[in-house]
>>> print(open('structure21.json').read())   # JSON, C-alpha atoms
[["chain", "number", "residue", "atom", "x", "y", "z"],
["A", 1, "MET", "CA", 165.27, 73.84, 117.94],
["A", 2, "GLU", "CA", 168.08, 74.90, 120.22],
["A", 3, "GLN", "CA", 169.35, 77.27, 117.57],
["A", 4, "ARG", "CA", 166.02, 79.08, 117.46],
["A", 5, "ARG", "CA", 166.17, 79.77, 121.19],
["A", 6, "ASN", "CA", 169.23, 81.95, 120.66],
["A", 7, "VAL", "CA", 166.74, 84.55, 119.36],
["A", 8, "THR", "CA", 163.79, 84.98, 121.70],
["A", 9, "GLU", "CA", 162.72, 88.36, 120.34],
["A", 10, "PHE", "CA", 163.07, 90.42, 117.19],
["A", 11, "VAL", "CA", 163.82, 94.11, 116.69],
["A", 12, "LEU", "CA", 161.64, 95.93, 114.16],
["A", 13, "SER", "CA", 163.47, 98.53, 112.08],
["A", 14, "GLY", "CA", 160.24, 100.49, 111.51],
["A", 15, "PHE", "CA", 159.90, 103.28, 108.96],
["A", 16, "THR", "CA", 162.53, 105.82, 109.94],
["A", 17, "ARG", "CA", 165.10, 106.53, 112.65],
["A", 18, "SER", "CA", 164.26, 110.24, 112.73],
["A", 19, "PRO", "CA", 162.36, 111.12, 115.96],
["A", 20, "GLN", "CA", 160.57, 113.94, 114.15],
["A", 21, "GLY", "CA", 159.59, 111.60, 111.31],
["A", 22, "GLN", "CA", 158.28, 109.02, 113.76],
["A", 23, "LYS", "CA", 156.09, 111.64, 115.50],
["A", 24, "ILE", "CA", 154.63, 112.75, 112.17],
["A", 25, "LEU", "CA", 153.93, 109.15, 111.15],
["A", 26, "PHE", "CA", 152.35, 108.50, 114.56],
["A", 27, "VAL", "CA", 149.84, 111.32, 114.06],
["A", 28, "VAL", "CA", 149.12, 110.31, 110.45],
["A", 29, "PHE", "CA", 148.60, 106.60, 111.19],
["A", 30, "LEU", "CA", 146.58, 107.30, 114.34],
["A", 31, "LEU", "CA", 144.18, 109.51, 112.38],
["A", 32, "MET", "CA", 143.95, 106.88, 109.64],
["A", 33, "TYR", "CA", 143.26, 104.19, 112.24],
["A", 34, "ILE", "CA", 140.47, 106.25, 113.82],
["A", 35, "VAL", "CA", 138.88, 106.93, 110.41],
["A", 36, "THR", "CA", 139.16, 103.22, 109.54],
["A", 37, "MET", "CA", 137.50, 102.01, 112.73],
["A", 38, "VAL", "CA", 134.76, 104.66, 112.74],
["A", 39, "GLY", "CA", 133.96, 104.15, 109.03],
["A", 40, "ASN", "CA", 133.87, 100.37, 109.15],
["A", 41, "LEU", "CA", 131.96, 100.10, 112.43],
["A", 42, "LEU", "CA", 129.47, 102.69, 111.18],
["A", 43, "ILE", "CA", 128.72, 100.48, 108.18],
["A", 44, "VAL", "CA", 128.43, 97.39, 110.41],
["A", 45, "VAL", "CA", 125.94, 99.12, 112.74],
["A", 46, "THR", "CA", 123.97, 100.55, 109.80],
["A", 47, "VAL", "CA", 123.64, 97.14, 108.10],
["A", 48, "VAL", "CA", 122.69, 95.37, 111.34],
["A", 49, "VAL", "CA", 120.12, 97.96, 112.48],
["A", 50, "SER", "CA", 118.53, 99.09, 109.20],
["A", 51, "PRO", "CA", 115.66, 96.82, 108.08],
["A", 52, "THR", "CA", 116.04, 97.98, 104.45],
["A", 53, "LEU", "CA", 119.56, 96.51, 104.20],
["A", 54, "GLY", "CA", 118.69, 92.86, 104.83],
["A", 55, "SER", "CA", 119.74, 91.43, 101.46],
["A", 56, "PRO", "CA", 122.84, 89.21, 101.06],
["A", 57, "ARG", "CA", 124.58, 92.07, 99.24],
["A", 58, "TYR", "CA", 124.50, 94.29, 102.31],
["A", 59, "PHE", "CA", 125.17, 91.43, 104.68],
["A", 60, "PHE", "CA", 128.44, 90.73, 102.84],
["A", 61, "LEU", "CA", 129.27, 94.44, 102.85],
["A", 62, "GLY", "CA", 128.72, 94.62, 106.62],
["A", 63, "TYR", "CA", 130.79, 91.46, 107.07],
["A", 64, "LEU", "CA", 133.61, 92.95, 104.95],
["A", 65, "SER", "CA", 133.60, 96.08, 107.12],
["A", 66, "PHE", "CA", 133.65, 93.90, 110.25],
["A", 67, "MET", "CA", 136.66, 91.97, 108.91],
["A", 68, "ASP", "CA", 138.43, 95.23, 108.04],
["A", 69, "ALA", "CA", 137.84, 96.54, 111.57],
["A", 70, "LEU", "CA", 139.13, 93.29, 113.10],
["A", 71, "TYR", "CA", 142.21, 93.28, 110.88],
["A", 72, "SER", "CA", 142.99, 96.91, 111.70],
["A", 73, "ALA", "CA", 142.52, 96.29, 115.44],
["A", 74, "THR", "CA", 145.00, 93.39, 115.45],
["A", 75, "VAL", "CA", 147.70, 94.87, 113.18],
["A", 76, "THR", "CA", 147.70, 98.68, 113.30],
["A", 77, "PRO", "CA", 147.78, 99.55, 117.06],
["A", 78, "SER", "CA", 151.12, 97.81, 117.70],
["A", 79, "MET", "CA", 152.65, 99.61, 114.72],
["A", 80, "ILE", "CA", 151.37, 102.98, 116.00],
["A", 81, "VAL", "CA", 152.68, 102.34, 119.53],
["A", 82, "ASP", "CA", 156.10, 101.33, 118.18],
["A", 83, "LEU", "CA", 156.44, 104.75, 116.55],
["A", 84, "LEU", "CA", 156.66, 106.25, 120.05],
["A", 85, "CYS", "CA", 158.97, 103.55, 121.46],
["A", 86, "GLU", "CA", 162.72, 103.76, 121.25],
["A", 87, "ASN", "CA", 163.08, 99.99, 121.65],
["A", 88, "LYS", "CA", 160.90, 98.39, 118.97],
["A", 89, "THR", "CA", 161.03, 94.73, 120.00],
["A", 90, "ILE", "CA", 158.55, 91.89, 119.56],
["A", 91, "SER", "CA", 158.81, 88.47, 121.18],
["A", 92, "PHE", "CA", 159.04, 85.36, 119.02],
["A", 93, "GLN", "CA", 155.58, 84.21, 120.19],
["A", 94, "ASP", "CA", 153.97, 87.59, 119.50],
["A", 95, "CYS", "CA", 155.62, 87.65, 116.10],
["A", 96, "MET", "CA", 154.06, 84.28, 115.26],
["A", 97, "ILE", "CA", 150.65, 85.51, 116.45],
["A", 98, "GLN", "CA", 150.97, 88.64, 114.29],
["A", 99, "LEU", "CA", 152.01, 86.52, 111.31],
["A", 100, "PHE", "CA", 149.01, 84.23, 111.83],
["A", 101, "THR", "CA", 146.38, 86.95, 112.34],
["A", 102, "GLY", "CA", 147.61, 89.00, 109.39],
["A", 103, "HIS", "CA", 147.25, 86.08, 106.98],
["A", 104, "LEU", "CA", 144.04, 84.87, 108.65],
["A", 105, "PHE", "CA", 142.13, 88.10, 108.06],
["A", 106, "GLY", "CA", 143.86, 88.76, 104.75],
["A", 107, "CYS", "CA", 142.87, 85.38, 103.29],
["A", 108, "ALA", "CA", 139.38, 85.57, 104.85],
["A", 109, "GLU", "CA", 138.87, 88.90, 103.08],
["A", 110, "ILE", "CA", 140.01, 87.40, 99.79],
["A", 111, "CYS", "CA", 137.44, 84.60, 100.21],
["A", 112, "LEU", "CA", 134.80, 87.18, 101.11],
["A", 113, "LEU", "CA", 135.52, 89.22, 97.98],
["A", 114, "VAL", "CA", 134.98, 86.03, 95.97],
["A", 115, "ALA", "CA", 131.66, 85.46, 97.75],
["A", 116, "MET", "CA", 130.62, 89.06, 97.03],
["A", 117, "ALA", "CA", 131.50, 88.65, 93.35],
["A", 118, "TYR", "CA", 129.45, 85.43, 93.24],
["A", 119, "ASP", "CA", 126.50, 87.23, 94.84],
["A", 120, "ARG", "CA", 126.67, 90.02, 92.23],
["A", 121, "TYR", "CA", 126.97, 87.47, 89.40],
["A", 122, "VAL", "CA", 123.86, 85.62, 90.55],
["A", 123, "ALA", "CA", 121.93, 88.87, 91.15],
["A", 124, "ILE", "CA", 122.66, 90.26, 87.67],
["A", 125, "CYS", "CA", 123.10, 87.21, 85.45],
["A", 126, "LYS", "CA", 120.63, 84.83, 87.19],
["A", 127, "THR", "CA", 118.12, 87.38, 88.42],
["A", 128, "LEU", "CA", 115.05, 85.11, 88.31],
["A", 129, "HIS", "CA", 116.83, 82.37, 90.27],
["A", 130, "TYR", "CA", 118.55, 84.67, 92.81],
["A", 131, "SER", "CA", 116.30, 83.78, 95.76],
["A", 132, "ALA", "CA", 116.66, 80.05, 95.09],
["A", 133, "ILE", "CA", 120.46, 80.15, 94.66],
["A", 134, "MET", "CA", 121.25, 82.60, 97.46],
["A", 135, "ASN", "CA", 119.03, 80.81, 99.95],
["A", 136, "LYS", "CA", 119.41, 80.91, 103.72],
["A", 137, "GLN", "CA", 121.86, 77.98, 103.83],
["A", 138, "VAL", "CA", 124.21, 79.59, 101.31],
["A", 139, "PHE", "CA", 123.73, 82.90, 103.10],
["A", 140, "VAL", "CA", 125.10, 81.34, 106.32],
["A", 141, "ARG", "CA", 127.70, 78.99, 104.84],
["A", 142, "LEU", "CA", 129.63, 81.48, 102.73],
["A", 143, "PRO", "CA", 130.84, 83.60, 105.70],
["A", 144, "LEU", "CA", 131.75, 80.41, 107.58],
["A", 145, "LEU", "CA", 133.74, 79.17, 104.59],
["A", 146, "THR", "CA", 135.68, 82.44, 104.45],
["A", 147, "CYS", "CA", 136.75, 81.95, 108.08],
["A", 148, "VAL", "CA", 137.70, 78.31, 107.50],
["A", 149, "GLY", "CA", 139.63, 79.21, 104.35],
["A", 150, "GLY", "CA", 141.44, 82.01, 106.17],
["A", 151, "PHE", "CA", 142.37, 79.74, 109.08],
["A", 152, "LEU", "CA", 143.68, 76.90, 106.89],
["A", 153, "HIS", "CA", 145.79, 79.34, 104.89],
["A", 154, "ALA", "CA", 147.11, 81.26, 107.89],
["A", 155, "VAL", "CA", 148.03, 78.35, 110.16],
["A", 156, "ALA", "CA", 150.69, 77.12, 107.70],
["A", 157, "HIS", "CA", 152.75, 80.33, 107.92],
["A", 158, "PRO", "CA", 153.83, 80.19, 111.59],
["A", 159, "LEU", "CA", 154.34, 76.43, 111.19],
["A", 160, "PHE", "CA", 156.83, 77.12, 108.37],
["A", 161, "VAL", "CA", 158.72, 79.64, 110.49],
["A", 162, "TYR", "CA", 158.48, 78.13, 113.98],
["A", 163, "ASN", "CA", 161.09, 75.42, 113.56],
["A", 164, "LEU", "CA", 163.56, 77.48, 111.54],
["A", 165, "PRO", "CA", 166.89, 78.22, 113.26],
["A", 166, "PHE", "CA", 167.25, 81.92, 114.15],
["A", 167, "CYS", "CA", 170.70, 82.53, 115.56],
["A", 168, "GLY", "CA", 171.14, 86.22, 114.74],
["A", 169, "PRO", "CA", 170.96, 88.95, 113.61],
["A", 170, "SER", "CA", 167.47, 89.58, 114.93],
["A", 171, "VAL", "CA", 166.56, 92.88, 113.22],
["A", 172, "ILE", "CA", 163.50, 92.57, 110.96],
["A", 173, "ASP", "CA", 163.67, 95.17, 108.17],
["A", 174, "HIS", "CA", 159.96, 95.92, 108.50],
["A", 175, "PHE", "CA", 157.41, 97.39, 110.90],
["A", 176, "GLY", "CA", 155.79, 93.99, 111.50],
["A", 177, "CYS", "CA", 156.26, 90.25, 111.11],
["A", 178, "ASP", "CA", 155.83, 88.80, 107.65],
["A", 179, "MET", "CA", 157.19, 85.79, 105.80],
["A", 180, "TYR", "CA", 159.89, 87.26, 103.55],
["A", 181, "PRO", "CA", 161.60, 89.45, 106.21],
["A", 182, "LEU", "CA", 161.55, 86.51, 108.65],
["A", 183, "LEU", "CA", 162.89, 83.98, 106.15],
["A", 184, "LYS", "CA", 165.73, 86.40, 105.38],
["A", 185, "LEU", "CA", 166.90, 86.13, 109.03],
["A", 186, "ALA", "CA", 166.87, 82.31, 109.21],
["A", 187, "CYS", "CA", 170.23, 80.55, 109.58],
["A", 188, "SER", "CA", 169.32, 77.82, 107.10],
["A", 189, "ASP", "CA", 168.41, 77.49, 103.45],
["A", 190, "THR", "CA", 164.84, 78.80, 103.03],
["A", 191, "TYR", "CA", 164.63, 78.47, 99.24],
["A", 192, "ILE", "CA", 161.98, 75.72, 99.33],
["A", 193, "ILE", "CA", 159.88, 77.56, 101.90],
["A", 194, "GLY", "CA", 160.17, 80.71, 99.78],
["A", 195, "LEU", "CA", 158.85, 78.81, 96.76],
["A", 196, "THR", "CA", 156.00, 77.50, 98.91],
["A", 197, "VAL", "CA", 155.09, 81.05, 99.92],
["A", 198, "VAL", "CA", 155.09, 82.12, 96.26],
["A", 199, "ALA", "CA", 152.97, 79.09, 95.36],
["A", 200, "SER", "CA", 150.46, 79.64, 98.17],
["A", 201, "ASP", "CA", 150.28, 83.40, 98.70],
["A", 202, "GLY", "CA", 151.39, 84.65, 95.29],
["A", 203, "ALA", "CA", 149.56, 82.11, 93.16],
["A", 204, "MET", "CA", 146.39, 82.43, 95.25],
["A", 205, "CYS", "CA", 146.38, 86.22, 94.84],
["A", 206, "MET", "CA", 147.09, 86.05, 91.12],
["A", 207, "VAL", "CA", 144.58, 83.31, 90.29],
["A", 208, "ILE", "CA", 141.75, 84.74, 92.37],
["A", 209, "PHE", "CA", 142.43, 88.26, 91.05],
["A", 210, "MET", "CA", 142.16, 87.01, 87.46],
["A", 211, "LEU", "CA", 139.00, 85.02, 88.25],
["A", 212, "LEU", "CA", 137.41, 88.08, 89.87],
["A", 213, "LEU", "CA", 138.25, 90.25, 86.87],
["A", 214, "ILE", "CA", 136.80, 87.61, 84.52],
["A", 215, "SER", "CA", 133.63, 87.32, 86.63],
["A", 216, "TYR", "CA", 133.11, 91.08, 86.60],
["A", 217, "GLY", "CA", 133.79, 91.06, 82.85],
["A", 218, "VAL", "CA", 130.95, 88.53, 82.43],
["A", 219, "ILE", "CA", 128.71, 90.65, 84.67],
["A", 220, "LEU", "CA", 129.42, 93.83, 82.73],
["A", 221, "HIS", "CA", 128.84, 92.02, 79.42],
["A", 222, "SER", "CA", 125.40, 90.88, 80.63],
["A", 223, "LEU", "CA", 124.32, 94.44, 81.50],
["A", 224, "LYS", "CA", 123.02, 94.94, 77.96],
["A", 225, "ASN", "CA", 120.01, 92.81, 78.96],
["A", 226, "LEU", "CA", 119.05, 95.21, 81.76],
["A", 227, "SER", "CA", 117.08, 98.43, 81.69],
["A", 228, "GLN", "CA", 118.86, 101.80, 81.78],
["A", 229, "GLU", "CA", 118.12, 102.19, 85.50],
["A", 230, "GLY", "CA", 119.22, 98.63, 86.30],
["A", 231, "ARG", "CA", 122.36, 99.10, 84.22],
["A", 232, "CYS", "CA", 123.37, 102.25, 86.12],
["A", 233, "LYS", "CA", 122.71, 100.59, 89.48],
["A", 234, "ALA", "CA", 124.69, 97.48, 88.55],
["A", 235, "LEU", "CA", 127.57, 99.57, 87.18],
["A", 236, "SER", "CA", 127.72, 101.55, 90.44],
["A", 237, "THR", "CA", 127.80, 98.36, 92.53],
["A", 238, "CYS", "CA", 130.32, 96.55, 90.34],
["A", 239, "GLY", "CA", 132.48, 99.68, 90.11],
["A", 240, "SER", "CA", 132.79, 99.76, 93.89],
["A", 241, "HIS", "CA", 133.67, 96.06, 94.04],
["A", 242, "ILE", "CA", 136.23, 96.27, 91.25],
["A", 243, "THR", "CA", 137.90, 99.29, 92.90],
["A", 244, "VAL", "CA", 138.22, 97.43, 96.22],
["A", 245, "VAL", "CA", 139.53, 94.30, 94.47],
["A", 246, "VAL", "CA", 142.21, 96.24, 92.55],
["A", 247, "LEU", "CA", 143.32, 98.22, 95.63],
["A", 248, "PHE", "CA", 143.66, 95.01, 97.64],
["A", 249, "PHE", "CA", 145.15, 92.58, 95.13],
["A", 250, "VAL", "CA", 147.66, 94.65, 93.12],
["A", 251, "PRO", "CA", 149.99, 95.40, 96.10],
["A", 252, "CYS", "CA", 149.62, 91.79, 97.35],
["A", 253, "ILE", "CA", 150.57, 90.39, 93.95],
["A", 254, "PHE", "CA", 153.63, 92.63, 93.77],
["A", 255, "MET", "CA", 154.63, 91.52, 97.28],
["A", 256, "TYR", "CA", 154.30, 87.76, 96.85],
["A", 257, "VAL", "CA", 154.54, 86.92, 93.13],
["A", 258, "ARG", "CA", 158.33, 87.10, 93.07],
["A", 259, "PRO", "CA", 161.31, 85.11, 94.39],
["A", 260, "LEU", "CA", 162.24, 85.32, 98.07],
["A", 261, "SER", "CA", 163.49, 88.86, 98.52],
["A", 262, "THR", "CA", 162.79, 92.10, 100.37],
["A", 263, "LEU", "CA", 162.63, 95.50, 98.65],
["A", 264, "PRO", "CA", 162.53, 99.05, 100.10],
["A", 265, "ILE", "CA", 159.06, 99.56, 98.60],
["A", 266, "ASP", "CA", 157.65, 96.58, 100.56],
["A", 267, "LYS", "CA", 156.90, 98.72, 103.63],
["A", 268, "SER", "CA", 154.89, 101.22, 101.59],
["A", 269, "LEU", "CA", 152.97, 98.44, 99.84],
["A", 270, "THR", "CA", 152.21, 96.76, 103.16],
["A", 271, "VAL", "CA", 150.91, 100.06, 104.55],
["A", 272, "PHE", "CA", 148.72, 100.40, 101.46],
["A", 273, "TYR", "CA", 146.94, 97.04, 101.64],
["A", 274, "THR", "CA", 146.86, 96.75, 105.44],
["A", 275, "ILE", "CA", 145.91, 100.33, 106.40],
["A", 276, "ILE", "CA", 144.95, 102.56, 103.47],
["A", 277, "THR", "CA", 142.73, 99.99, 101.72],
["A", 278, "ARG", "CA", 140.84, 99.28, 104.97],
["A", 279, "MET", "CA", 140.31, 103.02, 105.43],
["A", 280, "LEU", "CA", 139.10, 103.55, 101.85],
["A", 281, "ASN", "CA", 136.68, 100.59, 101.69],
["A", 282, "PRO", "CA", 133.87, 102.30, 103.69],
["A", 283, "LEU", "CA", 134.30, 105.50, 101.67],
["A", 284, "ILE", "CA", 134.19, 103.63, 98.36],
["A", 285, "TYR", "CA", 131.01, 101.76, 99.26],
["A", 286, "THR", "CA", 129.10, 104.58, 100.97],
["A", 287, "LEU", "CA", 129.91, 107.33, 98.48],
["A", 288, "ARG", "CA", 128.69, 105.20, 95.57],
["A", 289, "ASN", "CA", 125.67, 103.63, 97.26],
["A", 290, "GLY", "CA", 122.54, 105.72, 97.74],
["A", 291, "GLU", "CA", 120.76, 103.06, 99.84],
["A", 292, "ILE", "CA", 123.53, 102.96, 102.45],
["A", 293, "LYS", "CA", 123.76, 106.76, 102.60],
["A", 294, "HIS", "CA", 119.98, 106.99, 103.02],
["A", 295, "ALA", "CA", 119.99, 104.29, 105.72],
["A", 296, "MET", "CA", 122.80, 106.08, 107.59],
["A", 297, "LYS", "CA", 120.99, 109.43, 107.48],
["A", 298, "LYS", "CA", 117.76, 107.80, 108.65],
["A", 299, "LEU", "CA", 119.54, 105.90, 111.44],
["A", 300, "TRP", "CA", 121.46, 108.85, 112.86],
["A", 301, "THR", "CA", 118.56, 111.27, 112.46],
["A", 302, "ARG", "CA", 116.46, 108.87, 114.52],
["A", 303, "LYS", "CA", 119.26, 108.60, 117.12],
["A", 304, "ARG", "CA", 119.39, 112.39, 117.57],
["A", 305, "LYS", "CA", 115.64, 112.49, 118.18]]
>>> encode(input="structure21.json", output="structure tokens")
Amino acid sequence: MEQRRNVTEFVLSGFTRSPQGQKILFVVFLLMYIVTMVGNLLIVVTVVVSPTLGSPRYFFLGYLSFMDALYSATVTPSMIVDLLCENKTISFQDCMIQLFTGHLFGCAEICLLVAMAYDRYVAICKTLHYSAIMNKQVFVRLPLLTCVGGFLHAVAHPLFVYNLPFCGPSVIDHFGCDMYPLLKLACSDTYIIGLTVVASDGAMCMVIFMLLLISYGVILHSLKNLSQEGRCKALSTCGSHITVVVLFFVPCIFMYVRPLSTLPIDKSLTVFYTIITRMLNPLIYTLRNGEIKHAMKKLWTRKRK
């Protein structure tokens, strides 16, 4: 424990040392952050206010947008501010909080994507029993389970790191705190912890990604029993879900399904699944969903009146 106290704060290397490059990235990420927050909060407000969007499908979509907004609000602002700071430092405690919140919302979103896939499976493959299966209790419990699952997954990460000896150097080759860059700085053997991260983060991403693809394969196979109109509607919905799943899971799998190591591409991948994916989610769902677009137009037309 005494060894750890030799390092009370970390220095983040960020993206580039070029002042001009940092200013450009500041503008780009700030615009992306604004688009992310406006898009996700717009969907949340639309789902909450519009009486036509009261089904579990839209509740989960609103909840996903809420989680994306929360995740962006806890991760992105500090990264944007650091682009304007010459001294990019983060205290040990703040680093642990960032590590916890990142994995909390990340895992909660994974659980939510599973719940959304289950909802679509029941709606398409068990249509006659949908109301009985997706009853009010399930409707309430699934979001709670995503939060519990996210918390149980996330709390282990700072616990793994907290008691490791950090005696220098203290420069994290990243723009934020994550497991692999932190384990690389520890002054002890972290091989076992690295395997644990692969087993928990990597295996979870890989297994759930495969299960989601299989579930959507079953859903798409069952579309032959639907009418032409129902088939087109289901394909549009499932297409949006599959796109979001691929955009989220593929970078995560590349990041964590490998031995303990850090690669130059890690920063770009982290930007993709922490910032770009959260920005694209509202666009993917609204552009492919006529009901949401109609509800938004109706809501904002009424507001202007």
>>> atom_distance(input="structure21.json", atom1="atom CA of A:Asn87", atom2="atom CA of A:Gly21")
15.9 Å
>>> residues_around(input="structure21.json", residues="stretch 207-213 of chain A", least_positions_apart="2", cutoff="10 Å", atoms="only C-alpha atoms", output="mmCIF file with C-alpha atoms, in the frame of the given file")
data_model
loop_
_atom_site.group_PDB
_atom_site.id
_atom_site.type_symbol
_atom_site.label_atom_id
_atom_site.label_comp_id
_atom_site.auth_asym_id
_atom_site.auth_seq_id
_atom_site.Cartn_x
_atom_site.Cartn_y
_atom_site.Cartn_z
ATOM 1 C CA ILE A 110 140.010 87.400 99.790
ATOM 2 C CA CYS A 111 137.440 84.600 100.210
ATOM 3 C CA LEU A 113 135.520 89.220 97.980
ATOM 4 C CA VAL A 114 134.980 86.030 95.970
ATOM 5 C CA MET A 116 130.620 89.060 97.030
ATOM 6 C CA ALA A 117 131.500 88.650 93.350
ATOM 7 C CA TYR A 118 129.450 85.430 93.240
ATOM 8 C CA GLY A 202 151.390 84.650 95.290
ATOM 9 C CA ALA A 203 149.560 82.110 93.160
ATOM 10 C CA MET A 204 146.390 82.430 95.250
ATOM 11 C CA CYS A 205 146.380 86.220 94.840
ATOM 12 C CA SER A 215 133.630 87.320 86.630
ATOM 13 C CA TYR A 216 133.110 91.080 86.600
ATOM 14 C CA GLY A 217 133.790 91.060 82.850
ATOM 15 C CA VAL A 218 130.950 88.530 82.430
ATOM 16 C CA ILE A 219 128.710 90.650 84.670
ATOM 17 C CA HIS A 241 133.670 96.060 94.040
ATOM 18 C CA ILE A 242 136.230 96.270 91.250
ATOM 19 C CA VAL A 245 139.530 94.300 94.470
ATOM 20 C CA VAL A 246 142.210 96.240 92.550
ATOM 21 C CA PHE A 248 143.660 95.010 97.640
ATOM 22 C CA PHE A 249 145.150 92.580 95.130
ATOM 23 C CA VAL A 250 147.660 94.650 93.120
ATOM 24 C CA ILE A 253 150.570 90.390 93.950
#
>>> atom_distance(input="structure21.json", atom1="atom CA of A:Thr76", atom2="atom CA of A:Tyr33")
7.2 Å
>>> residues_around(input="structure21.json", residues="A:Met32", least_positions_apart="5", cutoff="8 Å", atoms="all atoms listed in the file", output="VMD selection string")
chain A and resid 275 to 276 279
>>> residues_around(input="structure21.json", residues="A:Ala69", least_positions_apart="3", cutoff="12 Å", atoms="only C-alpha atoms", output="PyMOL selection string")
chain A and resi 33-44+62-66+72-77+105-106+109+274-275+277-279+281-282
>>> closest_residue(input="structure21.json", among="A:Leu99, A:Thr196, A:Arg57, A:Leu25", to="A:Val122", atoms="all atoms listed in the file")
A:Arg57
>>> closest_residue(input="structure21.json", among="A:Leu84, A:Leu164, A:Met206, A:Cys107", to="A:Leu152", atoms="only C-alpha atoms")
A:Cys107
>>> atom_distance(input="structure21.json", atom1="atom CA of A:Ser227", atom2="atom CA of A:Ile284")
24.4 Å
>>> decode(input="structure21.json", residues="stretch 141-155 of chain A", atoms="N, CA, C and O atoms", output="PDB file, in the first residue's frame")
ATOM      1  N   ARG A 141     -38.448  -4.927 -14.256  1.00  0.00           N
ATOM      2  CA  ARG A 141     -37.274  -5.642 -13.746  1.00  0.00           C
ATOM      3  C   ARG A 141     -36.079  -5.605 -14.698  1.00  0.00           C
ATOM      4  O   ARG A 141     -34.933  -5.537 -14.250  1.00  0.00           O
ATOM      5  N   LEU A 142     -36.328  -5.677 -15.988  1.00  0.00           N
ATOM      6  CA  LEU A 142     -35.220  -5.724 -16.941  1.00  0.00           C
ATOM      7  C   LEU A 142     -34.290  -4.506 -16.833  1.00  0.00           C
ATOM      8  O   LEU A 142     -33.064  -4.675 -16.777  1.00  0.00           O
ATOM      9  N   PRO A 143     -34.827  -3.273 -16.793  1.00  0.00           N
ATOM     10  CA  PRO A 143     -33.916  -2.121 -16.608  1.00  0.00           C
ATOM     11  C   PRO A 143     -33.165  -2.168 -15.283  1.00  0.00           C
ATOM     12  O   PRO A 143     -31.988  -1.788 -15.221  1.00  0.00           O
ATOM     13  N   LEU A 144     -33.834  -2.639 -14.214  1.00  0.00           N
ATOM     14  CA  LEU A 144     -33.155  -2.744 -12.927  1.00  0.00           C
ATOM     15  C   LEU A 144     -32.019  -3.763 -12.987  1.00  0.00           C
ATOM     16  O   LEU A 144     -30.938  -3.547 -12.431  1.00  0.00           O
ATOM     17  N   LEU A 145     -32.258  -4.865 -13.690  1.00  0.00           N
ATOM     18  CA  LEU A 145     -31.230  -5.901 -13.823  1.00  0.00           C
ATOM     19  C   LEU A 145     -30.022  -5.383 -14.608  1.00  0.00           C
ATOM     20  O   LEU A 145     -28.884  -5.762 -14.323  1.00  0.00           O
ATOM     21  N   THR A 146     -30.262  -4.523 -15.602  1.00  0.00           N
ATOM     22  CA  THR A 146     -29.135  -3.965 -16.349  1.00  0.00           C
ATOM     23  C   THR A 146     -28.248  -3.117 -15.447  1.00  0.00           C
ATOM     24  O   THR A 146     -27.015  -3.168 -15.552  1.00  0.00           O
ATOM     25  N   CYS A 147     -28.877  -2.358 -14.537  1.00  0.00           N
ATOM     26  CA  CYS A 147     -28.098  -1.524 -13.603  1.00  0.00           C
ATOM     27  C   CYS A 147     -27.325  -2.390 -12.618  1.00  0.00           C
ATOM     28  O   CYS A 147     -26.152  -2.125 -12.330  1.00  0.00           O
ATOM     29  N   VAL A 148     -27.979  -3.440 -12.095  1.00  0.00           N
ATOM     30  CA  VAL A 148     -27.316  -4.338 -11.146  1.00  0.00           C
ATOM     31  C   VAL A 148     -26.153  -5.058 -11.829  1.00  0.00           C
ATOM     32  O   VAL A 148     -25.049  -5.159 -11.272  1.00  0.00           O
ATOM     33  N   GLY A 149     -26.397  -5.556 -13.047  1.00  0.00           N
ATOM     34  CA  GLY A 149     -25.339  -6.232 -13.789  1.00  0.00           C
ATOM     35  C   GLY A 149     -24.166  -5.312 -14.067  1.00  0.00           C
ATOM     36  O   GLY A 149     -23.004  -5.697 -13.918  1.00  0.00           O
ATOM     37  N   GLY A 150     -24.458  -4.065 -14.447  1.00  0.00           N
ATOM     38  CA  GLY A 150     -23.401  -3.090 -14.694  1.00  0.00           C
ATOM     39  C   GLY A 150     -22.594  -2.791 -13.449  1.00  0.00           C
ATOM     40  O   GLY A 150     -21.362  -2.706 -13.499  1.00  0.00           O
ATOM     41  N   PHE A 151     -23.275  -2.653 -12.312  1.00  0.00           N
ATOM     42  CA  PHE A 151     -22.582  -2.344 -11.057  1.00  0.00           C
ATOM     43  C   PHE A 151     -21.679  -3.503 -10.632  1.00  0.00           C
ATOM     44  O   PHE A 151     -20.515  -3.282 -10.257  1.00  0.00           O
ATOM     45  N   LEU A 152     -22.197  -4.725 -10.667  1.00  0.00           N
ATOM     46  CA  LEU A 152     -21.412  -5.887 -10.236  1.00  0.00           C
ATOM     47  C   LEU A 152     -20.176  -6.072 -11.121  1.00  0.00           C
ATOM     48  O   LEU A 152     -19.104  -6.450 -10.629  1.00  0.00           O
ATOM     49  N   HIS A 153     -20.338  -5.800 -12.400  1.00  0.00           N
ATOM     50  CA  HIS A 153     -19.185  -5.916 -13.313  1.00  0.00           C
ATOM     51  C   HIS A 153     -18.172  -4.803 -13.060  1.00  0.00           C
ATOM     52  O   HIS A 153     -16.965  -5.050 -13.013  1.00  0.00           O
ATOM     53  N   ALA A 154     -18.674  -3.581 -12.894  1.00  0.00           N
ATOM     54  CA  ALA A 154     -17.782  -2.421 -12.812  1.00  0.00           C
ATOM     55  C   ALA A 154     -17.018  -2.354 -11.505  1.00  0.00           C
ATOM     56  O   ALA A 154     -15.860  -1.914 -11.482  1.00  0.00           O
ATOM     57  N   VAL A 155     -17.629  -2.764 -10.400  1.00  0.00           N
ATOM     58  CA  VAL A 155     -17.000  -2.572  -9.095  1.00  0.00           C
ATOM     59  C   VAL A 155     -15.718  -3.395  -8.959  1.00  0.00           C
ATOM     60  O   VAL A 155     -14.817  -3.035  -8.188  1.00  0.00           O
TER      61      VAL A 155
END
